[in-house]
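> Just one file: query_38.cif, with mmCIF, C-alpha atoms.
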```
data_coords
loop_
_atom_site.label_atom_id
_atom_site.label_comp_id
_atom_site.auth_asym_id
_atom_site.auth_seq_id
_atom_site.Cartn_x
_atom_site.Cartn_y
_atom_site.Cartn_z
CA MET F 1 28.97 -112.96 17.08
CA ALA F 2 29.37 -112.97 13.42
CA ALA F 3 30.56 -115.38 10.77
CA ALA F 4 29.74 -117.98 8.13
CA GLY F 5 31.29 -119.71 5.18
CA GLY F 6 30.15 -120.23 1.63
CA GLY F 7 30.61 -121.62 -1.92
CA ASP F 8 29.67 -120.85 -5.56
CA TRP F 9 26.38 -119.02 -5.50
CA GLN F 10 25.11 -115.76 -6.91
CA VAL F 11 24.16 -112.82 -4.70
CA ALA F 12 22.34 -109.67 -5.72
CA GLY F 13 24.61 -106.72 -6.25
CA PRO F 14 28.40 -106.45 -6.31
CA PRO F 15 30.55 -107.36 -3.29
CA PRO F 16 31.35 -104.49 -0.95
CA PRO F 17 34.81 -103.02 -1.51
CA PRO F 18 37.58 -104.96 0.31
CA PRO F 19 38.21 -102.36 3.06
CA GLN F 20 34.56 -102.52 4.11
CA LEU F 21 34.62 -106.27 4.08
CA GLU F 22 37.80 -106.42 6.03
CA ALA F 23 36.19 -104.20 8.58
CA ALA F 24 33.96 -107.00 9.58
CA GLN F 25 37.01 -108.23 11.28
CA SER F 26 37.10 -105.25 13.49
CA VAL F 27 33.78 -103.84 14.49
CA SER F 28 30.75 -106.02 13.62
CA ARG F 29 31.44 -108.74 16.16
CA ALA F 30 32.12 -106.11 18.77
CA ALA F 31 28.47 -105.16 18.74
CA VAL F 32 27.24 -108.42 20.17
CA GLY F 33 25.29 -107.79 23.30
CA ARG F 34 24.41 -104.38 21.88
CA GLY F 35 21.96 -105.78 19.35
CA ARG F 36 22.47 -106.92 15.79
CA GLU F 37 23.33 -103.48 14.40
CA ALA F 38 27.00 -104.38 13.94
CA GLU F 39 26.07 -107.45 11.94
CA ARG F 40 24.03 -105.16 9.69
CA LEU F 41 27.00 -102.88 9.29
CA GLY F 42 29.31 -105.80 8.57
CA VAL F 43 32.14 -104.26 10.48
CA ALA F 44 33.93 -105.44 13.58
CA CYS F 45 36.45 -103.84 15.87
CA ARG F 46 38.91 -105.69 18.01
CA GLY F 47 39.95 -107.46 14.91
CA ASP F 48 37.52 -110.07 13.89
CA GLY F 49 36.30 -110.53 17.40
CA GLY F 50 33.45 -110.05 19.73
CA ARG F 51 30.79 -112.64 19.37
CA ARG F 52 27.62 -112.69 21.35
CA SER F 53 27.90 -113.36 25.04
CA LEU F 54 28.34 -116.98 26.02
CA GLY F 55 27.49 -116.40 29.61
CA SER F 56 23.80 -116.69 30.44
CA PRO F 57 21.82 -119.48 32.05
CA CYS F 58 20.26 -122.33 30.17
CA CYS F 59 19.02 -125.79 31.00
CA PRO F 60 21.70 -128.26 32.11
CA LEU F 61 22.13 -131.45 30.15
CA PRO F 62 23.61 -134.74 31.32
CA PRO F 63 27.35 -134.77 30.54
CA PRO F 64 28.03 -136.45 27.18
CA PRO F 65 30.68 -139.13 26.86
CA PRO F 66 34.15 -137.87 25.90
CA VAL F 67 34.83 -137.59 22.19
CA ARG F 68 38.44 -137.65 21.03
CA PHE F 69 40.31 -137.09 17.85
CA GLU F 70 42.09 -140.26 16.78
CA PRO F 71 44.86 -141.14 16.67
CA ARG F 72 46.12 -139.48 19.81
CA ARG F 73 49.27 -137.46 19.24
CA ILE F 74 50.70 -136.86 22.71
CA PRO F 75 49.48 -139.31 25.36
CA PRO F 76 49.61 -138.01 28.94
CA SER F 77 51.91 -139.74 31.37
CA ASP F 78 48.97 -140.67 33.57
CA SER F 79 45.20 -140.19 33.71
CA THR F 80 45.41 -136.73 35.26
CA ALA F 81 48.70 -135.15 34.19
CA MET F 82 48.74 -132.92 31.13
CA PRO F 83 51.48 -133.68 28.60
CA THR F 84 54.30 -131.23 28.07
CA LEU F 85 53.83 -129.03 25.04
CA SER F 86 56.55 -127.79 22.76
CA GLU F 87 56.88 -124.20 21.62
CA ASN F 88 54.97 -123.24 18.47
CA VAL F 89 52.53 -126.14 18.80
CA LEU F 90 49.61 -123.84 17.89
CA PHE F 91 49.71 -121.71 14.74
CA GLY F 92 47.42 -118.78 13.93
CA MET F 93 47.38 -116.46 10.93
CA GLY F 94 45.14 -113.45 10.46
CA ASN F 95 44.63 -109.70 10.54
CA PRO F 96 46.39 -108.04 13.49
CA LEU F 97 45.09 -104.81 14.97
CA LEU F 98 46.34 -102.69 17.83
CA ASP F 99 43.41 -101.96 20.13
CA ILE F 100 43.67 -98.43 21.59
CA CYS F 101 41.24 -97.90 24.47
CA ALA F 102 40.57 -94.64 26.32
CA VAL F 103 37.88 -92.86 28.29
CA VAL F 104 37.02 -89.75 26.27
CA ASP F 105 34.67 -86.77 26.54
CA LYS F 106 31.65 -85.80 24.45
CA ASP F 107 33.64 -83.07 22.69
CA PHE F 108 36.01 -85.71 21.30
CA LEU F 109 33.12 -87.78 19.96
CA ASP F 110 31.50 -84.70 18.44
CA LYS F 111 34.74 -83.61 16.77
CA TYR F 112 34.95 -86.87 14.82
CA GLY F 113 31.22 -87.37 14.35
CA LEU F 114 31.08 -90.44 16.57
CA LYS F 115 28.03 -91.83 18.33
CA PRO F 116 28.41 -93.00 21.95
CA ASN F 117 27.52 -96.63 21.18
CA ASP F 118 28.56 -97.40 17.63
CA GLN F 119 31.00 -99.33 15.44
CA ILE F 120 32.37 -97.86 12.22
CA LEU F 121 35.18 -98.15 9.72
CA ALA F 122 37.57 -95.20 9.76
CA GLU F 123 37.05 -92.61 7.03
CA GLU F 124 39.23 -89.73 5.87
CA LYS F 125 37.81 -87.47 8.60
CA HIS F 126 39.07 -89.92 11.25
CA LYS F 127 42.65 -89.79 10.00
CA GLU F 128 43.94 -87.83 13.00
CA LEU F 129 41.71 -89.54 15.56
CA PHE F 130 44.14 -92.25 16.59
CA GLU F 131 47.08 -89.92 17.22
CA GLU F 132 44.90 -87.41 19.07
CA LEU F 133 43.46 -90.18 21.22
CA VAL F 134 46.97 -91.13 22.31
CA LYS F 135 48.09 -87.53 22.92
CA LYS F 136 44.99 -86.27 24.72
CA PHE F 137 43.85 -89.21 26.84
CA LYS F 138 45.26 -92.01 28.96
CA VAL F 139 45.17 -95.05 26.71
CA GLU F 140 45.54 -98.79 27.08
CA TYR F 141 46.98 -100.90 24.27
CA HIS F 142 46.10 -104.51 23.51
CA ALA F 143 47.06 -106.87 20.70
CA GLY F 144 43.81 -107.39 18.82
CA GLY F 145 42.29 -108.85 15.69
CA SER F 146 40.10 -111.95 15.75
CA THR F 147 42.72 -114.64 15.20
CA GLN F 148 45.29 -112.89 17.35
CA ASN F 149 42.68 -112.60 20.13
CA SER F 150 42.02 -116.35 19.99
CA VAL F 151 45.72 -117.19 19.93
CA LYS F 152 46.31 -114.88 22.91
CA VAL F 153 43.54 -116.55 24.91
CA ALA F 154 44.85 -120.01 24.04
CA GLN F 155 48.34 -119.04 25.22
CA TRP F 156 46.86 -117.62 28.43
CA MET F 157 44.99 -120.87 29.08
CA ILE F 158 48.08 -122.95 28.28
CA GLN F 159 50.39 -120.76 30.42
CA SER F 160 53.51 -122.90 29.95
CA PRO F 161 55.51 -123.03 27.82
CA TYR F 162 55.60 -119.45 26.65
CA LYS F 163 55.40 -119.18 22.86
CA ALA F 164 53.29 -122.31 22.59
CA ALA F 165 51.26 -120.17 20.20
CA THR F 166 52.60 -118.63 16.98
CA PHE F 167 50.95 -115.82 15.03
CA PHE F 168 51.50 -114.46 11.51
CA GLY F 169 50.00 -111.25 10.14
CA CYS F 170 50.91 -107.93 8.54
CA ILE F 171 51.74 -104.64 10.30
CA GLY F 172 53.39 -101.34 9.42
CA THR F 173 56.90 -100.15 10.26
CA ASP F 174 55.62 -97.51 12.64
CA LYS F 175 55.09 -96.65 16.30
CA PHE F 176 51.85 -98.60 16.58
CA GLY F 177 53.52 -101.61 14.98
CA ALA F 178 56.27 -101.49 17.60
CA ILE F 179 53.66 -101.32 20.36
CA LEU F 180 51.75 -104.24 18.86
CA LYS F 181 54.90 -106.36 18.81
CA LYS F 182 55.52 -105.48 22.45
CA LYS F 183 51.95 -106.37 23.45
CA ALA F 184 52.13 -109.71 21.65
CA GLU F 185 55.38 -110.43 23.46
CA GLU F 186 53.77 -109.54 26.80
CA ALA F 187 51.03 -112.06 25.99
CA HIS F 188 53.82 -114.65 25.44
CA VAL F 189 52.70 -115.20 21.84
CA ASP F 190 55.46 -115.87 19.31
CA ALA F 191 54.34 -113.26 16.79
CA HIS F 192 56.19 -113.04 13.48
CA TYR F 193 54.74 -110.12 11.57
CA TYR F 194 55.27 -109.27 7.93
CA GLU F 195 56.35 -105.63 8.21
CA GLN F 196 55.85 -103.25 5.30
CA SER F 197 56.02 -99.47 4.97
CA GLU F 198 53.23 -98.78 2.47
CA GLU F 199 50.36 -98.95 4.99
CA PRO F 200 50.27 -98.12 8.72
CA THR F 201 49.60 -100.75 11.37
CA GLY F 202 45.92 -101.60 11.65
CA THR F 203 44.25 -100.03 14.67
CA CYS F 204 40.93 -100.07 16.48
CA ALA F 205 40.07 -97.09 18.68
CA ALA F 206 37.69 -97.81 21.55
CA CYS F 207 36.34 -94.44 22.71
CA ILE F 208 34.63 -94.99 26.05
CA THR F 209 32.04 -92.63 27.57
CA SER F 210 30.35 -93.87 30.78
CA ASP F 211 28.81 -97.24 29.83
CA ASN F 212 29.14 -96.70 26.09
CA ARG F 213 31.89 -97.59 23.66
CA SER F 214 32.36 -96.13 20.19
CA LEU F 215 34.62 -98.28 18.02
CA VAL F 216 36.55 -96.98 15.02
CA ALA F 217 38.60 -99.45 12.97
CA ASN F 218 41.36 -98.72 10.49
CA LEU F 219 42.41 -102.02 8.88
CA ALA F 220 45.31 -100.58 6.88
CA ALA F 221 48.32 -102.94 6.96
CA ALA F 222 46.20 -105.91 8.09
CA ASN F 223 45.01 -106.14 4.47
CA CYS F 224 48.54 -106.32 3.06
CA TYR F 225 49.82 -109.81 3.96
CA LYS F 226 51.84 -111.38 1.13
CA LYS F 227 52.42 -115.15 0.96
CA GLU F 228 55.56 -114.92 -1.16
CA LYS F 229 57.10 -112.24 1.06
CA HIS F 230 56.48 -113.91 4.41
CA LEU F 231 54.84 -117.35 4.57
CA ASP F 232 57.10 -118.81 1.86
CA ILE F 233 60.30 -117.72 3.59
CA GLU F 234 62.03 -120.82 4.97
CA LYS F 235 62.41 -119.69 8.59
CA ASN F 236 58.73 -118.77 8.72
CA TRP F 237 57.53 -121.92 6.99
CA ASN F 238 59.56 -123.95 9.49
CA LEU F 239 57.33 -122.52 12.23
CA VAL F 240 54.25 -123.59 10.29
CA GLU F 241 55.59 -127.12 9.96
CA LYS F 242 56.42 -127.20 13.68
CA ALA F 243 52.77 -126.73 14.68
CA GLN F 244 50.26 -129.49 15.39
CA VAL F 245 47.07 -127.40 15.46
CA TYR F 246 46.22 -124.51 13.12
CA TYR F 247 43.58 -121.78 13.40
CA ILE F 248 42.59 -119.10 10.89
CA ALA F 249 39.53 -116.85 10.97
CA GLY F 250 37.51 -116.67 7.77
CA PHE F 251 38.19 -112.94 7.55
CA PHE F 252 41.66 -113.78 6.22
CA LEU F 253 40.03 -115.18 3.08
CA THR F 254 39.62 -111.54 2.02
CA VAL F 255 43.37 -110.96 2.34
CA SER F 256 45.38 -114.04 1.36
CA PRO F 257 43.36 -117.16 0.49
CA GLU F 258 46.48 -118.65 -1.11
CA SER F 259 48.24 -118.50 2.28
CA ILE F 260 45.34 -120.28 3.95
CA LEU F 261 45.35 -123.01 1.31
CA LYS F 262 49.08 -123.60 1.69
CA VAL F 263 48.79 -123.98 5.48
CA ALA F 264 45.59 -126.05 5.33
CA SER F 265 46.89 -128.50 2.73
CA GLN F 266 50.13 -128.91 4.66
CA ALA F 267 48.19 -129.73 7.84
CA SER F 268 45.98 -132.22 6.02
CA ALA F 269 48.88 -133.97 4.29
CA ASN F 270 50.60 -134.47 7.64
CA ASN F 271 47.46 -135.52 9.56
CA LYS F 272 47.54 -132.40 11.72
CA ILE F 273 44.48 -130.44 12.85
CA PHE F 274 43.36 -127.45 10.79
CA THR F 275 40.56 -125.26 12.15
CA LEU F 276 38.65 -122.40 10.53
CA ASN F 277 36.07 -119.85 11.65
CA LEU F 278 33.18 -118.74 9.45
CA SER F 279 33.77 -115.25 10.89
CA ALA F 280 30.96 -113.19 9.31
CA PRO F 281 27.92 -113.69 7.07
CA PHE F 282 29.51 -111.70 4.24
CA ILE F 283 32.24 -114.34 3.92
CA SER F 284 29.62 -116.89 2.83
CA GLN F 285 28.03 -114.38 0.50
CA PHE F 286 31.04 -112.87 -1.22
CA TYR F 287 33.93 -115.28 -0.59
CA LYS F 288 32.27 -118.63 -1.08
CA GLU F 289 34.65 -119.82 -3.79
CA PRO F 290 37.89 -119.45 -1.78
CA MET F 291 36.17 -120.78 1.33
CA MET F 292 35.00 -123.91 -0.44
CA LYS F 293 38.53 -124.55 -1.67
CA VAL F 294 39.72 -124.52 1.95
CA LEU F 295 36.79 -126.39 3.53
CA PRO F 296 37.89 -129.93 2.53
CA TYR F 297 40.97 -129.42 4.72
CA VAL F 298 39.01 -128.19 7.75
CA ASP F 299 38.97 -130.54 10.75
CA VAL F 300 37.12 -128.17 13.10
CA LEU F 301 34.72 -125.52 11.80
CA PHE F 302 33.62 -122.74 14.16
CA GLY F 303 30.76 -120.29 13.77
CA ASN F 304 27.75 -118.79 15.50
CA GLU F 305 24.03 -119.09 14.83
CA THR F 306 23.88 -116.15 12.42
CA GLU F 307 26.90 -117.33 10.49
CA ALA F 308 25.57 -120.88 10.43
CA ALA F 309 22.25 -119.73 8.96
CA THR F 310 23.99 -117.77 6.19
CA PHE F 311 26.31 -120.68 5.48
CA ALA F 312 23.31 -123.02 5.21
CA ARG F 313 21.60 -120.75 2.68
CA ALA F 314 24.80 -120.52 0.65
CA GLN F 315 25.09 -124.31 0.60
CA GLY F 316 21.42 -124.88 -0.21
CA PHE F 317 20.87 -126.92 2.95
CA GLU F 318 17.16 -125.95 3.02
CA THR F 319 16.96 -125.96 6.80
CA GLU F 320 17.08 -123.35 9.55
CA ASP F 321 17.59 -125.88 12.34
CA ILE F 322 21.07 -125.25 13.71
CA LYS F 323 21.63 -128.88 14.65
CA GLU F 324 20.75 -130.00 11.15
CA ILE F 325 22.99 -127.29 9.67
CA ALA F 326 25.85 -128.53 11.85
CA ARG F 327 25.22 -132.12 10.76
CA LYS F 328 25.19 -131.19 7.08
CA ALA F 329 28.32 -129.04 7.41
CA GLN F 330 30.08 -131.92 9.14
CA ALA F 331 29.26 -134.22 6.23
CA LEU F 332 30.67 -131.97 3.48
CA PRO F 333 33.58 -133.48 1.48
CA LYS F 334 36.88 -133.81 3.33
CA ALA F 335 40.45 -134.39 2.17
CA ASN F 336 41.98 -136.14 5.19
CA LEU F 337 39.68 -139.04 6.00
CA LYS F 338 41.84 -140.07 8.97
CA ARG F 339 40.09 -137.34 10.96
CA GLN F 340 36.38 -136.79 11.28
CA ARG F 341 35.31 -133.18 10.88
CA VAL F 342 33.86 -131.47 13.94
CA VAL F 343 31.49 -128.51 13.63
CA VAL F 344 30.98 -126.18 16.60
CA PHE F 345 28.31 -123.47 16.56
CA THR F 346 27.89 -121.11 19.51
CA GLN F 347 24.61 -119.29 20.12
CA GLY F 348 25.34 -116.57 22.64
CA LYS F 349 23.62 -117.52 25.89
CA GLU F 350 21.98 -120.57 24.31
CA ASP F 351 23.50 -124.04 24.05
CA THR F 352 26.63 -124.59 22.00
CA ILE F 353 26.07 -127.18 19.27
CA MET F 354 28.71 -129.73 18.29
CA ALA F 355 28.38 -132.14 15.38
CA THR F 356 30.69 -135.11 14.93
CA GLU F 357 30.52 -138.01 12.49
CA ASN F 358 28.15 -139.95 14.73
CA GLU F 359 26.04 -137.42 16.59
CA VAL F 360 24.99 -133.84 17.25
CA ARG F 361 25.07 -132.64 20.85
CA ALA F 362 24.14 -129.49 22.75
CA PHE F 363 26.24 -128.08 25.59
CA PRO F 364 24.91 -125.47 28.04
CA VAL F 365 27.09 -122.41 28.55
CA LEU F 366 28.32 -121.28 31.94
CA ILE F 367 25.81 -119.29 33.97
CA SER F 368 26.70 -115.63 34.50
CA ASP F 369 24.73 -113.00 36.35
CA GLN F 370 23.67 -110.29 33.91
CA SER F 371 25.09 -107.67 36.27
CA GLU F 372 28.55 -109.24 35.91
CA ILE F 373 28.65 -108.87 32.13
CA VAL F 374 30.82 -105.89 31.19
CA ASP F 375 31.64 -106.34 27.51
CA THR F 376 30.72 -109.18 25.16
CA ASN F 377 33.25 -107.97 22.60
CA GLY F 378 35.72 -110.78 22.10
CA ALA F 379 33.58 -113.55 23.62
CA GLY F 380 33.57 -115.59 20.42
CA ASP F 381 37.31 -115.20 19.95
CA ALA F 382 37.80 -116.25 23.57
CA PHE F 383 35.65 -119.35 23.11
CA VAL F 384 37.83 -120.46 20.21
CA GLY F 385 40.98 -119.73 22.21
CA GLY F 386 39.77 -121.80 25.12
CA PHE F 387 38.80 -124.65 22.81
CA LEU F 388 42.19 -124.64 21.09
CA SER F 389 44.02 -124.59 24.43
CA GLN F 390 42.73 -128.09 25.14
CA LEU F 391 42.84 -129.32 21.56
CA VAL F 392 46.63 -128.93 21.49
CA TYR F 393 46.75 -131.36 24.43
CA ASP F 394 44.49 -133.76 22.50
CA ARG F 395 41.92 -133.55 25.27
CA PRO F 396 38.36 -134.83 24.69
CA LEU F 397 36.21 -132.51 22.60
CA THR F 398 33.85 -132.14 25.55
CA GLU F 399 36.76 -130.65 27.52
CA CYS F 400 37.60 -128.36 24.61
CA ILE F 401 34.07 -126.95 24.69
CA ARG F 402 34.14 -126.62 28.47
CA ALA F 403 37.38 -124.64 28.19
CA GLY F 404 35.84 -122.48 25.48
CA HIS F 405 32.86 -121.69 27.67
CA TYR F 406 35.16 -120.90 30.58
CA ALA F 407 37.34 -118.52 28.57
CA ALA F 408 34.31 -116.70 27.16
CA SER F 409 32.79 -116.38 30.63
CA VAL F 410 35.97 -114.67 31.84
CA ILE F 411 36.24 -112.26 28.92
CA ILE F 412 32.63 -111.01 29.11
CA LYS F 413 33.23 -109.86 32.68
CA ARG F 414 36.08 -107.58 31.58
CA SER F 415 36.50 -104.71 29.16
CA GLY F 416 37.66 -105.87 25.73
CA CYS F 417 39.33 -109.20 25.04
CA THR F 418 41.42 -109.08 28.21
CA PHE F 419 41.94 -111.54 31.03
CA PRO F 420 43.49 -111.90 34.50
CA GLU F 421 47.07 -113.06 34.99
CA LYS F 422 46.21 -116.75 35.28
CA PRO F 423 43.17 -118.86 34.39
CA ASP F 424 41.16 -120.77 36.97
CA PHE F 425 40.22 -123.71 34.79
CA HIS F 426 40.37 -127.23 36.15
#
```
Spit out the file's structure as structure tokens when you get a sec.

Amino acid sequence: MAAAGGGDWQVAGPPPPPPQLEAAQSVSRAAVGRGREAERLGVACRGDGGRRSLGSPCCPLPPPPPVRFEPRRIPPSDSTAMPTLSENVLFGMGNPLLDICAVVDKDFLDKYGLKPNDQILAEEKHKELFEELVKKFKVEYHAGGSTQNSVKVAQWMIQSPYKAATFFGCIGTDKFGAILKKKAEEAHVDAHYYEQSEEPTGTCAACITSDNRSLVANLAAANCYKKEKHLDIEKNWNLVEKAQVYYIAGFFLTVSPESILKVASQASANNKIFTLNLSAPFISQFYKEPMMKVLPYVDVLFGNETEAATFARAQGFETEDIKEIARKAQALPKANLKRQRVVVFTQGKEDTIMATENEVRAFPVLISDQSEIVDTNGAGDAFVGGFLSQLVYDRPLTECIRAGHYAASVIIKRSGCTFPEKPDFH
């Protein structure tokens, strides 16, 4: 996994150029389960996805009592029935990528200077790679990008109604953009993209050889979202106002922090739930100022252990204990005092930590046989998606975490952030 938030502190050296930073949304998280090399690179394919696996054994704990957000928004008709959701109840905004996956040969890797098990940001020499991949090999397309992954998983967990989840992001007016729109539609996500012609649709090529996967990300149009040209348009803003729960990955702070602030403040003013992901350590280091402007509006803060540690250093928490970091993050200033902030930190196969106003608890992840784990890319995005799928129903936070663990356990047994037709979550 990767991610962490920040504030006003000085770091040695200048920030990396925006394209490199944005890349953290596409490749760095994809390296989880393959060591920490991707975190060092600061790049992530599959959008901003692919946290460390959430599927290994750990010691069981007694079940904690349910914790709920108050006041309840949509009470169920009885103790077991789930309430009926409206369309567009969940809103996500982020950096969309079209994942292009194919089994390739060594000659293809050699031609573009790719290593069998690596994650990089596309350079000039990779310009023709994406088109050649499509022409030469049998490819699979998936709607990717960290936030879009999470929104897709949430919609999959929700099932009905279709278009319960909305997504905003920027794409190009090209073939890959058309495919991305089709894939989002197939996932039953109500995607409303800002389409522009200056940059091509963002893509992530997954070049597979035997058990290895070489990831090449080209962020392109994903970096080009414009608040005034999309979010501010009345028909689009109406969809924002229609939502009850909002989710944005921290990566989007590198693209349009003003869009995040507008959505977050709207949610807070209307006592709706706004959630944010720390997304990558570099966000805390180089984007602390915009993150700290958003943080008072955050009702649920997600991250992993690496991101949490970086966030703690940025905030001057003077502790490396993840439970204490969660507690301190929970207590940071908040705009809407009607809702307590919740902080959720995943730790790969170790317990997930949740801090509320009154306590800090640990939740064991679902046990998975190591032989069943295919690809941990997207596990963190899936956890968030599962969590959100229950949050929109106003289910107890313990159920939200259980759903997050379930979704992650499904994704790590499949290639990429993909899933079967229907969930088996009860």
> At most 10 Å is the cut-off: for each residue in region 335-386 of chain F with any atom that close to an atom of region 311-324 of chain F, write down the nearest atom pair and the distance in Å rounded to one decimal, counting all atoms listed in the file, chain first then increasing number, as a Markdown table.

```
| residue | atom | partner | partner_atom | distance |
| --- | --- | --- | --- | --- |
| F:Val343 | CA | F:Lys323 | CA | 9.9 |
| F:Val344 | CA | F:Lys323 | CA | 9.9 |
| F:Phe345 | CA | F:Ile322 | CA | 8.0 |
| F:Thr346 | CA | F:Ile322 | CA | 9.9 |
| F:Gln347 | CA | F:Ile322 | CA | 9.4 |
| F:Thr352 | CA | F:Lys323 | CA | 9.9 |
| F:Ile353 | CA | F:Lys323 | CA | 6.6 |
| F:Met354 | CA | F:Lys323 | CA | 8.0 |
| F:Ala355 | CA | F:Lys323 | CA | 7.5 |
| F:Glu359 | CA | F:Lys323 | CA | 9.8 |
| F:Val360 | CA | F:Lys323 | CA | 6.5 |
| F:Arg361 | CA | F:Lys323 | CA | 8.0 |
| F:Ala362 | CA | F:Lys323 | CA | 8.5 |
```
> List the residues matched by the PyMOL selection byres ((chain F and resi 132) around 12) in the displayed structure as a list of chain:residue names, ordered by chain and then by residue number.
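For this structure, the PyMOL selection byres ((chain F and resi 132) around 12) resolves to F:Ile100, F:Ala102, F:Val104, F:Phe108, F:Leu109, F:Lys111, F:Tyr112, F:His126, F:Lys127, F:Glu128, F:Leu129, F:Phe130, F:Glu131, F:Leu133, F:Val134, F:Lys135, F:Lys136, F:Phe137, F:Lys138, F:Val139, F:Ala205, F:Cys207.
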> Rounded to one decimal place, report the CA of Ile412 (chain F)-CA of Val153 (chain F) distance in Å.
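Interatomic distance here is 12.9 Å.
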> Compare F:Ala217, F:Leu114, F:Ile283, F:Ile401 by their minimum atom-to-atom distance to Pro364 (chain F), counting all atoms listed in the file, and give me the closest one.
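Distance minimum relative to Pro364 (chain F) lands on F:Ile401.
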> Which residues are near Glu258 (chain F)? Cut-off 8 Å, all atoms listed in the file, ignore same chain within fewer than 3 positions. Put them as a PyMOL selection string.
chain F and resi 227+261-262
> Between F:Gln340, F:Ser160, F:Gln119, F:Thr84, single out the one closest to Asn212 (chain F), counting only C-alpha atoms.
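Residue with the minimum atom-to-atom distance to Asn212 (chain F): F:Gln119.
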> Suppose a student applies the PyMOL selection byres ((chain F and resi 97) around 8) to this structure; what residues should they get, written as a tab-separated table (two decimals) with C-alpha atoms, in the coordinates of the input?

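What follows is the written file part_2.tsv:
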```tsv
chain	number	residue	atom	x	y	z
F	46	ARG	CA	38.91	-105.69	18.01
F	47	GLY	CA	39.95	-107.46	14.91
F	95	ASN	CA	44.63	-109.70	10.54
F	96	PRO	CA	46.39	-108.04	13.49
F	98	LEU	CA	46.34	-102.69	17.83
F	99	ASP	CA	43.41	-101.96	20.13
F	143	ALA	CA	47.06	-106.87	20.70
F	144	GLY	CA	43.81	-107.39	18.82
F	145	GLY	CA	42.29	-108.85	15.69
F	180	LEU	CA	51.75	-104.24	18.86
F	201	THR	CA	49.60	-100.75	11.37
F	202	GLY	CA	45.92	-101.60	11.65
F	203	THR	CA	44.25	-100.03	14.67
F	204	CYS	CA	40.93	-100.07	16.48
F	219	LEU	CA	42.41	-102.02	8.88
F	222	ALA	CA	46.20	-105.91	8.09
```
> Starting from the displayed file, determine the output of the PyMOL selection byres ((chain F and resi 188) around 9) and express the residue list as a list in words.
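Taken on the displayed file, the PyMOL selection byres ((chain F and resi 188) around 9) yields the residues Lys152, Gln155, Trp156, Gln159, Pro161, Tyr162, Lys163, Ala164, Ala165, Lys183, Ala184, Glu185, Glu186, Ala187, Val189, Asp190 and Ala191 of chain F.
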> Do you have the CA of Val89 (chain F)-CA of Gly380 (chain F) distance handy?
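Separation between CA of Val89 (chain F) and CA of Gly380 (chain F): 21.8 Å.
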> To one decimal place in Å, what is the distance between CA of Asn149 (chain F) and CA of Phe91 (chain F)?
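That distance, rounded to one decimal, is 12.7 Å.
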> Write out as a short mmCIF file (atom, residue, chain, number, x, y, z; two decimals) with C-alpha atoms, keeping the file's coordinate frame which residues come within 9 Å of Phe383 (chain F) when counting all atoms listed in the file, dropping same-chain ones fewer than 5 positions away.

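Dumped to around08.cif:
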```
data_model
loop_
_atom_site.label_atom_id
_atom_site.label_comp_id
_atom_site.auth_asym_id
_atom_site.auth_seq_id
_atom_site.Cartn_x
_atom_site.Cartn_y
_atom_site.Cartn_z
CA LEU F 54 28.34 -116.98 26.02
CA SER F 150 42.02 -116.35 19.99
CA VAL F 153 43.54 -116.55 24.91
CA THR F 346 27.89 -121.11 19.51
CA GLY F 378 35.72 -110.78 22.10
CA LEU F 388 42.19 -124.64 21.09
CA ILE F 401 34.07 -126.95 24.69
CA ALA F 403 37.38 -124.64 28.19
CA GLY F 404 35.84 -122.48 25.48
CA HIS F 405 32.86 -121.69 27.67
CA TYR F 406 35.16 -120.90 30.58
CA ALA F 407 37.34 -118.52 28.57
CA ALA F 408 34.31 -116.70 27.16
CA SER F 409 32.79 -116.38 30.63
#
```
> I want to know what sits within 12 Å of Gln266 (chain F), based on only C-alpha atoms, with residues of the same chain fewer than 4 positions away left out; could you give that as a PDB file with C-alpha atoms, in the coordinates of the input?

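Written output follows (part.pdb):
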```
ATOM      1  CA  TRP F 237      57.530-121.920   6.990  1.00  0.00           C
ATOM      2  CA  ASN F 238      59.560-123.950   9.490  1.00  0.00           C
ATOM      3  CA  VAL F 240      54.250-123.590  10.290  1.00  0.00           C
ATOM      4  CA  GLU F 241      55.590-127.120   9.960  1.00  0.00           C
ATOM      5  CA  LYS F 242      56.420-127.200  13.680  1.00  0.00           C
ATOM      6  CA  ALA F 243      52.770-126.730  14.680  1.00  0.00           C
ATOM      7  CA  GLN F 244      50.260-129.490  15.390  1.00  0.00           C
ATOM      8  CA  VAL F 245      47.070-127.400  15.460  1.00  0.00           C
ATOM      9  CA  TYR F 246      46.220-124.510  13.120  1.00  0.00           C
ATOM     10  CA  SER F 259      48.240-118.500   2.280  1.00  0.00           C
ATOM     11  CA  ILE F 260      45.340-120.280   3.950  1.00  0.00           C
ATOM     12  CA  LEU F 261      45.350-123.010   1.310  1.00  0.00           C
ATOM     13  CA  LYS F 262      49.080-123.600   1.690  1.00  0.00           C
ATOM     14  CA  ASN F 270      50.600-134.470   7.640  1.00  0.00           C
ATOM     15  CA  ASN F 271      47.460-135.520   9.560  1.00  0.00           C
ATOM     16  CA  LYS F 272      47.540-132.400  11.720  1.00  0.00           C
ATOM     17  CA  ILE F 273      44.480-130.440  12.850  1.00  0.00           C
ATOM     18  CA  PHE F 274      43.360-127.450  10.790  1.00  0.00           C
ATOM     19  CA  VAL F 294      39.720-124.520   1.950  1.00  0.00           C
ATOM     20  CA  TYR F 297      40.970-129.420   4.720  1.00  0.00           C
ATOM     21  CA  VAL F 298      39.010-128.190   7.750  1.00  0.00           C
ATOM     22  CA  ALA F 335      40.450-134.390   2.170  1.00  0.00           C
ATOM     23  CA  ASN F 336      41.980-136.140   5.190  1.00  0.00           C
TER      24      ASN F 336
END
```
